[in-house]
>>> print(open('structure.txt').read())   # compact mmCIF, C-alpha atoms
# COMPACT_ATOMS: atom_id res chain seq x y z
CA MET S 1 -53.86 -18.17 29.21
CA ALA S 2 -55.23 -21.62 29.97
CA LEU S 3 -52.93 -24.58 30.45
CA GLU S 4 -53.23 -26.90 27.47
CA ILE S 5 -51.38 -30.16 26.93
CA ASP S 6 -50.94 -31.30 23.33
CA ILE S 7 -52.07 -34.94 23.18
CA THR S 8 -49.73 -35.55 20.22
CA ASP S 9 -46.69 -34.59 22.34
CA PRO S 10 -44.48 -37.65 22.93
CA HIS S 11 -44.30 -36.70 26.63
CA VAL S 12 -48.05 -36.22 27.08
CA SER S 13 -48.32 -38.86 29.82
CA LEU S 14 -45.60 -37.26 31.94
CA LYS S 15 -47.12 -33.80 31.46
CA GLN S 16 -50.60 -35.00 32.38
CA GLN S 17 -49.21 -36.71 35.48
CA ALA S 18 -47.40 -33.49 36.44
CA ARG S 19 -50.65 -31.55 35.95
CA GLU S 20 -52.54 -33.98 38.19
CA LEU S 21 -49.85 -33.64 40.87
CA LEU S 22 -50.04 -29.84 40.75
CA LEU S 23 -53.74 -30.09 41.62
CA GLN S 24 -52.44 -30.86 45.13
CA VAL S 25 -50.67 -27.49 45.42
CA TYR S 26 -52.93 -24.78 46.82
CA ASP S 27 -52.81 -21.02 47.04
CA PRO S 28 -53.62 -20.82 50.77
CA GLU S 29 -54.95 -17.27 50.50
CA VAL S 30 -57.66 -18.35 48.07
CA GLY S 31 -58.02 -22.03 48.97
CA LEU S 32 -57.80 -23.22 45.37
CA ASP S 33 -55.17 -25.32 43.61
CA ILE S 34 -52.69 -23.62 41.28
CA ILE S 35 -54.04 -25.39 38.17
CA ASN S 36 -57.63 -24.22 38.64
CA MET S 37 -56.38 -20.80 39.74
CA GLY S 38 -54.83 -20.50 36.29
CA LEU S 39 -51.37 -19.90 37.74
CA VAL S 40 -49.65 -22.64 35.69
CA TYR S 41 -49.07 -21.54 32.10
CA ASN S 42 -47.00 -24.43 30.77
CA ILE S 43 -45.64 -27.84 31.69
CA ASP S 44 -42.71 -29.00 29.60
CA TYR S 45 -40.29 -31.89 29.65
CA ILE S 46 -36.84 -31.16 28.28
CA GLU S 47 -35.55 -34.63 27.48
CA GLU S 48 -31.92 -33.61 26.82
CA GLU S 49 -31.74 -32.09 30.30
CA ASN S 50 -34.04 -34.63 32.00
CA THR S 51 -35.92 -31.63 33.37
CA ILE S 52 -39.58 -30.94 34.04
CA ARG S 53 -40.09 -27.20 33.59
CA ILE S 54 -43.14 -25.47 34.99
CA VAL S 55 -43.87 -21.97 33.75
CA MET S 56 -46.18 -20.24 36.18
CA THR S 57 -47.08 -16.97 37.77
CA LEU S 58 -48.48 -15.82 41.09
CA THR S 59 -51.49 -13.64 41.80
CA SER S 60 -49.10 -10.68 42.28
CA ARG S 61 -45.37 -9.98 42.42
CA GLY S 62 -45.66 -9.36 46.14
CA CYS S 63 -47.63 -12.52 46.88
CA PRO S 64 -46.54 -13.45 50.43
CA MET S 65 -47.29 -17.13 49.77
CA GLY S 66 -45.22 -17.22 46.56
CA PRO S 67 -42.15 -18.95 48.00
CA MET S 68 -44.32 -21.56 49.72
CA ILE S 69 -46.39 -22.21 46.58
CA THR S 70 -43.35 -22.68 44.34
CA GLN S 71 -41.61 -24.86 46.94
CA ASN S 72 -44.72 -27.04 47.31
CA ALA S 73 -44.97 -27.40 43.52
CA SER S 74 -41.32 -28.40 43.30
CA GLU S 75 -41.61 -30.88 46.17
CA VAL S 76 -44.75 -32.62 44.89
CA LEU S 77 -43.14 -33.09 41.47
CA GLN S 78 -39.76 -34.15 42.85
CA SER S 79 -41.40 -36.81 45.03
CA ALA S 80 -43.15 -38.31 41.99
CA PHE S 81 -40.22 -37.88 39.61
CA PRO S 82 -37.10 -38.40 41.77
CA ASP S 83 -34.93 -39.12 38.71
CA LYS S 84 -35.76 -35.78 37.04
CA ASP S 85 -34.72 -32.20 37.67
CA ILE S 86 -37.59 -29.86 38.48
CA HIS S 87 -37.44 -26.23 37.45
CA ILE S 88 -40.15 -23.74 38.43
CA HIS S 89 -39.92 -20.67 36.23
CA LEU S 90 -41.90 -17.66 37.49
CA VAL S 91 -43.11 -15.17 34.89
CA TRP S 92 -45.05 -11.94 35.26
CA GLU S 93 -46.33 -11.61 31.70
CA PRO S 94 -49.07 -12.20 31.07
CA ALA S 95 -50.13 -10.98 34.45
CA TRP S 96 -52.57 -13.18 36.34
CA SER S 97 -56.19 -12.11 36.69
CA ALA S 98 -59.26 -13.75 38.19
CA GLU S 99 -60.47 -14.37 34.63
CA GLN S 100 -57.89 -17.17 34.44
CA ILE S 101 -59.67 -19.24 37.08
CA THR S 102 -61.16 -22.32 35.44
CA GLU S 103 -64.87 -23.11 35.46
CA GLU S 104 -64.15 -25.86 38.00
CA GLY S 105 -62.30 -23.34 40.14
CA ARG S 106 -65.15 -20.85 39.96
CA GLN S 107 -67.57 -23.55 41.09
CA ALA S 108 -65.27 -24.50 43.99
CA LEU S 109 -65.18 -20.85 45.07
CA GLY S 110 -68.97 -20.58 44.80
CA TRP S 111 -68.77 -18.03 41.99
CA MET S 112 -71.22 -19.94 39.76
>>> encode(input="structure.txt", output="structure tokens")
Amino acid sequence: MALEIDITDPHVSLKQQARELLLQVYDPEVGLDIINMGLVYNIDYIEEENTIRIVMTLTSRGCPMGPMITQNASEVLQSAFPDKDIHIHLVWEPAWSAEQITEEGRQALGWM
């Protein structure tokens, strides 16, 4: 489930900026950012609630770095968008697998 941002969305600029910011958030166990890990499934802006909502997963339910990863994601977005609410929504379906790592991520890990 690759993260895709619809360029016709009226909030495309905000979503792309959020995506770029999330490139700064790393899974420390793997050493790769959460975008290229394929952990972020959706970035949405709910205008009525003035909320940026990130739908993401972790490599496993028991991921010991999970709280740190979600906190870092929230903090990096909140610092760039101080006037917006940030909501990180963790989901477990579909489950994450290494197949979700982007081509760029595979190159960074030396898998290609």
>>> atom_distance(input="structure.txt", atom1="CA of Ile43 in chain S", atom2="CA of Lys15 in chain S")
6.1 Å
>>> atom_distance(input="structure.txt", atom1="CA of Arg53 in chain S", atom2="CA of Val12 in chain S")
13.7 Å
>>> closest_atom_pairs(input="structure.txt", of="range 37-68 of chain S", to="range 75-93 of chain S", cutoff="6 Å", atoms="all atoms listed in the file", output="tab-separated table")
residue	atom	partner	partner_atom	distance
S:Asn50	CA	S:Lys84	CA	5.4
S:Thr51	CA	S:Asp85	CA	4.5
S:Ile52	CA	S:Ile86	CA	5.0
S:Arg53	CA	S:His87	CA	4.8
S:Ile54	CA	S:Ile88	CA	4.9
S:Val55	CA	S:His89	CA	4.8
S:Met56	CA	S:Leu90	CA	5.2
S:Thr57	CA	S:Val91	CA	5.2
>>> write_last_selection(input="structure.txt", atoms="C-alpha atoms", output="compact mmCIF listing (two decimals), keeping the file's coordinate frame")
# COMPACT_ATOMS: atom_id res chain seq x y z
CA ASN S 50 -34.04 -34.63 32.00
CA THR S 51 -35.92 -31.63 33.37
CA ILE S 52 -39.58 -30.94 34.04
CA ARG S 53 -40.09 -27.20 33.59
CA ILE S 54 -43.14 -25.47 34.99
CA VAL S 55 -43.87 -21.97 33.75
CA MET S 56 -46.18 -20.24 36.18
CA THR S 57 -47.08 -16.97 37.77
>>> atom_distance(input="structure.txt", atom1="CA of Trp111 in chain S", atom2="CA of Ala73 in chain S")
25.6 Å
>>> closest_residue(input="structure.txt", among="S:His11, S:Gly62, S:Asn72, S:Gly38", to="Gln24 in chain S", atoms="only C-alpha atoms")
S:Asn72
>>> closest_residue(input="structure.txt", among="S:Leu39, S:Leu109, S:Val25, S:Ala95", to="Met68 in chain S", atoms="only C-alpha atoms")
S:Val25
>>> decode(input="structure.txt", residues="range 15-70 of chain S", atoms="C-alpha atoms", output="PDB file, in the first residue's frame")
ATOM      1  CA  LYS S  15      -0.010  17.036   2.124  1.00  0.00           C
ATOM      2  CA  GLN S  16       3.196  17.132   0.101  1.00  0.00           C
ATOM      3  CA  GLN S  17       4.813  19.334   2.746  1.00  0.00           C
ATOM      4  CA  ALA S  18       3.712  16.884   5.459  1.00  0.00           C
ATOM      5  CA  ARG S  19       5.166  14.008   3.417  1.00  0.00           C
ATOM      6  CA  GLU S  20       8.494  15.834   3.077  1.00  0.00           C
ATOM      7  CA  LEU S  21       8.570  16.472   6.828  1.00  0.00           C
ATOM      8  CA  LEU S  22       7.906  12.806   7.587  1.00  0.00           C
ATOM      9  CA  LEU S  23      11.052  11.926   5.625  1.00  0.00           C
ATOM     10  CA  GLN S  24      12.852  13.232   8.737  1.00  0.00           C
ATOM     11  CA  VAL S  25      11.261  10.590  10.994  1.00  0.00           C
ATOM     12  CA  TYR S  26      13.283   7.376  11.123  1.00  0.00           C
ATOM     13  CA  ASP S  27      12.670   3.864  12.323  1.00  0.00           C
ATOM     14  CA  PRO S  28      15.859   3.587  14.403  1.00  0.00           C
ATOM     15  CA  GLU S  29      15.901  -0.205  14.230  1.00  0.00           C
ATOM     16  CA  VAL S  30      16.167  -0.135  10.438  1.00  0.00           C
ATOM     17  CA  GLY S  31      17.729   3.286   9.877  1.00  0.00           C
ATOM     18  CA  LEU S  32      15.203   4.315   7.236  1.00  0.00           C
ATOM     19  CA  ASP S  33      12.561   7.046   7.254  1.00  0.00           C
ATOM     20  CA  ILE S  34       8.918   6.091   7.751  1.00  0.00           C
ATOM     21  CA  ILE S  35       7.900   7.215   4.238  1.00  0.00           C
ATOM     22  CA  ASN S  36      10.422   5.005   2.437  1.00  0.00           C
ATOM     23  CA  MET S  37       9.755   2.198   4.918  1.00  0.00           C
ATOM     24  CA  GLY S  38       6.177   2.239   3.656  1.00  0.00           C
ATOM     25  CA  LEU S  39       4.802   2.809   7.145  1.00  0.00           C
ATOM     26  CA  VAL S  40       2.675   5.854   6.189  1.00  0.00           C
ATOM     27  CA  TYR S  41      -0.500   4.818   4.373  1.00  0.00           C
ATOM     28  CA  ASN S  42      -2.312   8.146   4.118  1.00  0.00           C
ATOM     29  CA  ILE S  43      -1.928  11.849   4.805  1.00  0.00           C
ATOM     30  CA  ASP S  44      -5.182  13.765   5.041  1.00  0.00           C
ATOM     31  CA  TYR S  45      -6.235  17.261   5.968  1.00  0.00           C
ATOM     32  CA  ILE S  46      -9.660  17.581   7.535  1.00  0.00           C
ATOM     33  CA  GLU S  47     -10.462  21.239   6.971  1.00  0.00           C
ATOM     34  CA  GLU S  48     -13.551  21.369   9.221  1.00  0.00           C
ATOM     35  CA  GLU S  49     -11.443  20.148  12.145  1.00  0.00           C
ATOM     36  CA  ASN S  50      -8.220  21.921  11.117  1.00  0.00           C
ATOM     37  CA  THR S  51      -6.518  18.548  11.562  1.00  0.00           C
ATOM     38  CA  ILE S  52      -3.723  16.784   9.728  1.00  0.00           C
ATOM     39  CA  ARG S  53      -4.389  13.063  10.029  1.00  0.00           C
ATOM     40  CA  ILE S  54      -1.658  10.530   9.380  1.00  0.00           C
ATOM     41  CA  VAL S  55      -2.714   6.923   8.919  1.00  0.00           C
ATOM     42  CA  MET S  56       0.266   4.682   9.482  1.00  0.00           C
ATOM     43  CA  THR S  57       1.417   1.369  10.813  1.00  0.00           C
ATOM     44  CA  LEU S  58       4.530  -0.011  12.454  1.00  0.00           C
ATOM     45  CA  THR S  59       6.653  -2.983  11.472  1.00  0.00           C
ATOM     46  CA  SER S  60       4.866  -5.021  14.172  1.00  0.00           C
ATOM     47  CA  ARG S  61       2.342  -4.518  16.969  1.00  0.00           C
ATOM     48  CA  GLY S  62       5.097  -5.026  19.506  1.00  0.00           C
ATOM     49  CA  CYS S  63       7.529  -2.600  17.877  1.00  0.00           C
ATOM     50  CA  PRO S  64       9.533  -1.219  20.832  1.00  0.00           C
ATOM     51  CA  MET S  65      10.228   2.010  18.927  1.00  0.00           C
ATOM     52  CA  GLY S  66       6.547   2.594  18.083  1.00  0.00           C
ATOM     53  CA  PRO S  67       5.850   5.260  20.710  1.00  0.00           C
ATOM     54  CA  MET S  68       9.021   7.136  19.777  1.00  0.00           C
ATOM     55  CA  ILE S  69       8.269   6.967  16.035  1.00  0.00           C
ATOM     56  CA  THR S  70       4.704   8.251  16.415  1.00  0.00           C
TER      57      THR S  70
END
